[in-house]
Amino acid sequence: MSKVRIWHSKYDVHVPKSLIYPHITLIDLLENSALKFPGKSCCLYNGHDYSYRVINSITTHLAKVLIHLGLQVGDRVCVIFPNSPLFIISYFATLKAGGIVVAINPRYTGYEIEEMIRTSQAKWLICLQELGDVIISVARKCKVRAIIFANQSKQIDLMNISQISKCKIIKSDDLGIYELNHLMNSKTPDVCLPDIDFNSPAIFQYTGGTTGTPKAAVGLHRNLVANTQQFITWCDLHEGQETIMTAIPLYHVYGMVLAMCMGIALGARLLLISDPRDIDEILSQIQYYRPTFFPGVPSMYYAITQYPSVKNGDFPLNSIRACISGSSPLHAEVKHQFEKLTGGRLMEGYGLSEAPTATHCNPLYGVNKTGSIGLPLPDVDCRIVDLDDGTQNVGVGDIGELIIKGPQVMKGYFNMPEEDKITLRKGWLFTGDVVRMDKEGYFYIIDRKKSLIKVGGLQVWPNEVEKIICEHPAVADAGVAGVPDKIRGEKVIAWLMLNPNQMVNQDEIQKWCKKKLAPYKIPSEIIVVNQLPRTPVGKILKRVLISDYLEQKPN
């Protein structure tokens, strides 16, 4: 049982301070729901409904195919899809085969994908056919064993798996290249699925961690199952009765846990939206299918409140009972307007990839404090420690670094023991986030000790952007930081020092970045300076750059 903490008294009456967690895997979440709700819709995409029986059957089939092709327990499998049945199928098939999922944003460039394949040591890729030649080139450089391509636009017949053809290889040298439809319509191999323990790794989730260097947080099955159960309880969700608006990307651990895993554990129907910017599609799905739960980021809720047809009352949103907002600060006006439109509760929370996915949230029924990330979840213990020594607790209302213990905290980073020593100390996860706690146990984010930037809920690592910019022949040095942005949470700004007798404009640098960075990582503004302010040991004083920028551009 958890120790009594001041925040426990502010829990909703239905939330205990401690839960009992079953010793099961993510695989069990799907298989249990397939037993309880075989004919119920698991996911809906582009007008096609897929039942729990079908999704469970096809993932078992594909898992056996993967094993037949040579996948071994512990192999990393990069899954590169937007929200669609293809992501869910690839994810659970990988887990059933004993693999570890490395979920990757399909909008990443070849350079970014290559880094994740290389550092995760992945040997298998399941991805969009549209990525084609770029993926094949990267895969050969990284000595990937096999690629399985899927055509996003082609409707896959999951209802009738043929038992006649063999797995078809499109090309083969050192690299096997397969087509997912062929594998799905192949004869199921006569192999046994491995027995996966709940303490086994399930995902490698890439994060900037405390240093800003991309690294893979190792999430165990039990970590994700625990967080799933915490939020089912916290949000008072009901088995077999929920419909979840799934616009938050599933390749991000937030969407992966609080939409996909939680929805499947509940036997809910997932309304899959492949493009979260498509507000027309989101509103159409809300109107027709009446979702009850909608996890998202502030920019989504803001876009909906500003939509003309919503303002005119053309889209009833009153089916939505609860929403979780995470990844960036939620503005009070956005919260107020969205709750007014839906009649539901929009609860701001907090999480990180190292505790996949969340550790704090405002109550569903109780006091919902605007500007606060809320209360620690059941079985989550928190301390706020001195920023300098990291050992002494600070007082109520004082500022310090948030450190956490809980059943969702990761095992560690993959192949980074020195990073583990910094981040995991004596059972505590050092988040790198600067917070305060009020006298009722509500937490507030003050700043980031780390320099991670979040644009619309997606992570941008300044070191990565700086590295690309500094490869430009005109650039001597660069500093990258995020500044507040009302719509997207933060925007990326780059300050440059140029080499002697060099000139460069914003458009040129942005085009340079576009070659190697996803669009949301590209700086929205480029500022050329004579000198970059630095500490005595040479580190760029980004807080000075940000302060100067905000003084010059207060709006």
# chains A, B, ... in the order shown; residues from 1 in each chain; ligands from 1
>>> select_by_dssp(residues="stretch 102-160 of chain A", states="strand (DSSP E)", output="MDAnalysis selection string")
chainID A and resid 102:103 124:128 146:150
>>> residues_around(residues="A:Gly479", least_positions_apart="4", cutoff="7 Å", atoms="only C-alpha atoms", output="list in words")
Glu466, Ala494, Trp495, Leu496 and Ile540 of chain A
>>> residues_around(residues="A:Asn151", least_positions_apart="3", cutoff="12 Å", atoms="only C-alpha atoms", output="list in words")
Ile80, Phe81, Pro82, Ser84, Pro85, Leu86, Ile126, Cys127, Leu128, Gln129, Glu130, Leu131, Gly132, Ile148, Lys154, Gln155, Ile156, Tyr178, Glu179, Leu180, Asn181 and His182 of chain A
>>> atom_distance(atom1="atom CA of A:Arg383", atom2="atom CA of A:Glu401")
8.1 Å
>>> closest_atom_pairs(of="stretch 446-520 of chain A", to="stretch 300-324 of chain A", cutoff="9 Å", atoms="only C-alpha atoms", output="Markdown table")
| residue | atom | partner | partner_atom | distance |
| --- | --- | --- | --- | --- |
| A:Gly456 | CA | A:Met300 | CA | 8.3 |
| A:Ile487 | CA | A:Tyr302 | CA | 6.8 |
| A:Arg488 | CA | A:Met300 | CA | 8.8 |
>>> residues_around(residues="A:Ile248", least_positions_apart="2", cutoff="9 Å", atoms="only C-alpha atoms", output="ChimeraX atom specification")
/A:83,245-246,250-252,254-256,259,273-276,294-297,300
>>> write_last_selection(atoms="C-alpha atoms", output="compact mmCIF listing (two decimals), in the first residue's frame")
# COMPACT_ATOMS: atom_id res chain seq x y z
CA ASN A 83 -2.84 6.12 -36.84
CA MET A 245 -11.31 9.63 -30.25
CA THR A 246 -7.82 8.54 -31.32
CA LEU A 250 -0.03 6.24 -31.60
CA TYR A 251 3.71 6.35 -32.36
CA HIS A 252 3.95 8.78 -29.43
CA TYR A 254 0.97 9.33 -24.96
CA GLY A 255 -1.37 8.09 -27.69
CA MET A 256 0.01 4.58 -27.46
CA ALA A 259 -5.71 5.85 -26.43
CA ILE A 273 -7.56 9.66 -37.23
CA SER A 274 -4.38 9.48 -39.31
CA ASP A 275 -3.93 13.26 -39.57
CA PRO A 276 -4.56 15.10 -36.27
CA PHE A 294 -10.73 12.30 -26.14
CA PRO A 295 -7.04 12.43 -25.14
CA GLY A 296 -5.16 15.16 -26.95
CA VAL A 297 -2.89 18.18 -26.87
CA MET A 300 -6.14 20.13 -31.01
>>> residues_around(residues="A:Gly412", least_positions_apart="5", cutoff="7 Å", atoms="only C-alpha atoms", output="PyMOL selection string")
chain A and resi 217-218+420
>>> write_last_selection(atoms="C-alpha atoms", output="CSV table (one decimal), in the first residue's frame")
chain,number,residue,atom,x,y,z
A,217,ALA,CA,13.6,4.5,-22.8
A,218,VAL,CA,12.9,0.8,-22.2
A,420,ASP,CA,20.8,5.7,-16.2
>>> closest_residue(among="A:Gly489, A:Ile88, A:Val529, A:Pro201", to="A:Val334", atoms="only C-alpha atoms")
A:Gly489
>>> closest_residue(among="A:Pro500, A:Pro356, A:Gly374, A:Gly432", to="A:Gly219", atoms="only C-alpha atoms")
A:Pro356
>>> decode(residues="stretch 293-371 of chain A", atoms="C-alpha atoms", output="mmCIF file, in the first residue's frame")
data_model
loop_
_atom_site.group_PDB
_atom_site.id
_atom_site.type_symbol
_atom_site.label_atom_id
_atom_site.label_comp_id
_atom_site.auth_asym_id
_atom_site.auth_seq_id
_atom_site.Cartn_x
_atom_site.Cartn_y
_atom_site.Cartn_z
ATOM 1 C CA PHE A 293 -13.144 10.057 -24.234
ATOM 2 C CA PHE A 294 -10.728 12.296 -26.136
ATOM 3 C CA PRO A 295 -7.038 12.428 -25.141
ATOM 4 C CA GLY A 296 -5.160 15.165 -26.950
ATOM 5 C CA VAL A 297 -2.890 18.180 -26.869
ATOM 6 C CA PRO A 298 -3.866 21.841 -26.404
ATOM 7 C CA SER A 299 -3.435 22.687 -30.098
ATOM 8 C CA MET A 300 -6.140 20.134 -31.007
ATOM 9 C CA TYR A 301 -8.640 21.554 -28.549
ATOM 10 C CA TYR A 302 -7.802 25.113 -29.601
ATOM 11 C CA ALA A 303 -8.306 24.294 -33.301
ATOM 12 C CA ILE A 304 -11.720 22.769 -32.566
ATOM 13 C CA THR A 305 -12.892 25.761 -30.515
ATOM 14 C CA GLN A 306 -11.866 28.127 -33.310
ATOM 15 C CA TYR A 307 -13.558 26.156 -36.085
ATOM 16 C CA PRO A 308 -16.345 28.239 -37.672
ATOM 17 C CA SER A 309 -18.881 25.412 -37.854
ATOM 18 C CA VAL A 310 -18.277 24.600 -34.184
ATOM 19 C CA LYS A 311 -18.833 28.220 -33.222
ATOM 20 C CA ASN A 312 -22.064 28.151 -35.250
ATOM 21 C CA GLY A 313 -23.265 25.113 -33.311
ATOM 22 C CA ASP A 314 -23.258 22.783 -36.348
ATOM 23 C CA PHE A 315 -21.349 20.012 -34.529
ATOM 24 C CA PRO A 316 -22.750 18.672 -31.250
ATOM 25 C CA LEU A 317 -19.827 17.711 -29.013
ATOM 26 C CA ASN A 318 -21.773 16.748 -25.905
ATOM 27 C CA SER A 319 -20.949 13.025 -26.093
ATOM 28 C CA ILE A 320 -17.433 13.799 -24.830
ATOM 29 C CA ARG A 321 -17.360 13.174 -21.102
ATOM 30 C CA ALA A 322 -13.639 13.401 -20.383
ATOM 31 C CA CYS A 323 -10.459 14.634 -22.068
ATOM 32 C CA ILE A 324 -6.828 14.470 -21.000
ATOM 33 C CA SER A 325 -4.595 17.304 -22.167
ATOM 34 C CA GLY A 326 -0.856 16.718 -22.086
ATOM 35 C CA SER A 327 2.539 17.383 -23.707
ATOM 36 C CA SER A 328 2.353 21.187 -23.425
ATOM 37 C CA PRO A 329 0.666 23.808 -21.213
ATOM 38 C CA LEU A 330 -3.092 24.192 -21.516
ATOM 39 C CA HIS A 331 -4.255 27.799 -21.714
ATOM 40 C CA ALA A 332 -7.145 28.673 -19.402
ATOM 41 C CA GLU A 333 -9.283 30.100 -22.210
ATOM 42 C CA VAL A 334 -8.897 26.966 -24.352
ATOM 43 C CA LYS A 335 -9.951 24.820 -21.399
ATOM 44 C CA HIS A 336 -12.937 27.045 -20.654
ATOM 45 C CA GLN A 337 -14.160 27.173 -24.256
ATOM 46 C CA PHE A 338 -13.774 23.432 -24.857
ATOM 47 C CA GLU A 339 -15.575 22.490 -21.650
ATOM 48 C CA LYS A 340 -18.358 24.937 -22.530
ATOM 49 C CA LEU A 341 -18.780 23.320 -25.961
ATOM 50 C CA THR A 342 -18.744 19.714 -24.731
ATOM 51 C CA GLY A 343 -20.119 19.865 -21.207
ATOM 52 C CA GLY A 344 -17.332 17.421 -20.336
ATOM 53 C CA ARG A 345 -14.135 17.823 -18.332
ATOM 54 C CA LEU A 346 -10.803 18.749 -19.893
ATOM 55 C CA MET A 347 -8.126 17.657 -17.417
ATOM 56 C CA GLU A 348 -4.542 18.781 -17.712
ATOM 57 C CA GLY A 349 -1.990 16.117 -16.862
ATOM 58 C CA TYR A 350 1.719 15.425 -17.005
ATOM 59 C CA GLY A 351 3.894 12.574 -18.110
ATOM 60 C CA LEU A 352 7.128 11.598 -19.759
ATOM 61 C CA SER A 353 8.457 8.781 -21.909
ATOM 62 C CA GLU A 354 10.529 7.496 -18.999
ATOM 63 C CA ALA A 355 7.276 6.671 -17.142
ATOM 64 C CA PRO A 356 5.111 5.655 -20.031
ATOM 65 C CA THR A 357 3.140 7.679 -20.165
ATOM 66 C CA ALA A 358 1.668 9.789 -17.339
ATOM 67 C CA THR A 359 2.176 10.369 -13.628
ATOM 68 C CA HIS A 360 -0.110 13.316 -12.757
ATOM 69 C CA CYS A 361 -3.588 14.503 -13.676
ATOM 70 C CA ASN A 362 -6.317 16.797 -12.428
ATOM 71 C CA PRO A 363 -9.352 14.992 -10.955
ATOM 72 C CA LEU A 364 -12.344 14.178 -13.144
ATOM 73 C CA TYR A 365 -14.989 15.260 -10.645
ATOM 74 C CA GLY A 366 -13.026 17.161 -7.998
ATOM 75 C CA VAL A 367 -11.186 20.473 -8.037
ATOM 76 C CA ASN A 368 -9.628 21.049 -11.445
ATOM 77 C CA LYS A 369 -6.967 23.728 -11.060
ATOM 78 C CA THR A 370 -6.183 25.659 -14.224
ATOM 79 C CA GLY A 371 -2.444 25.872 -14.782
#
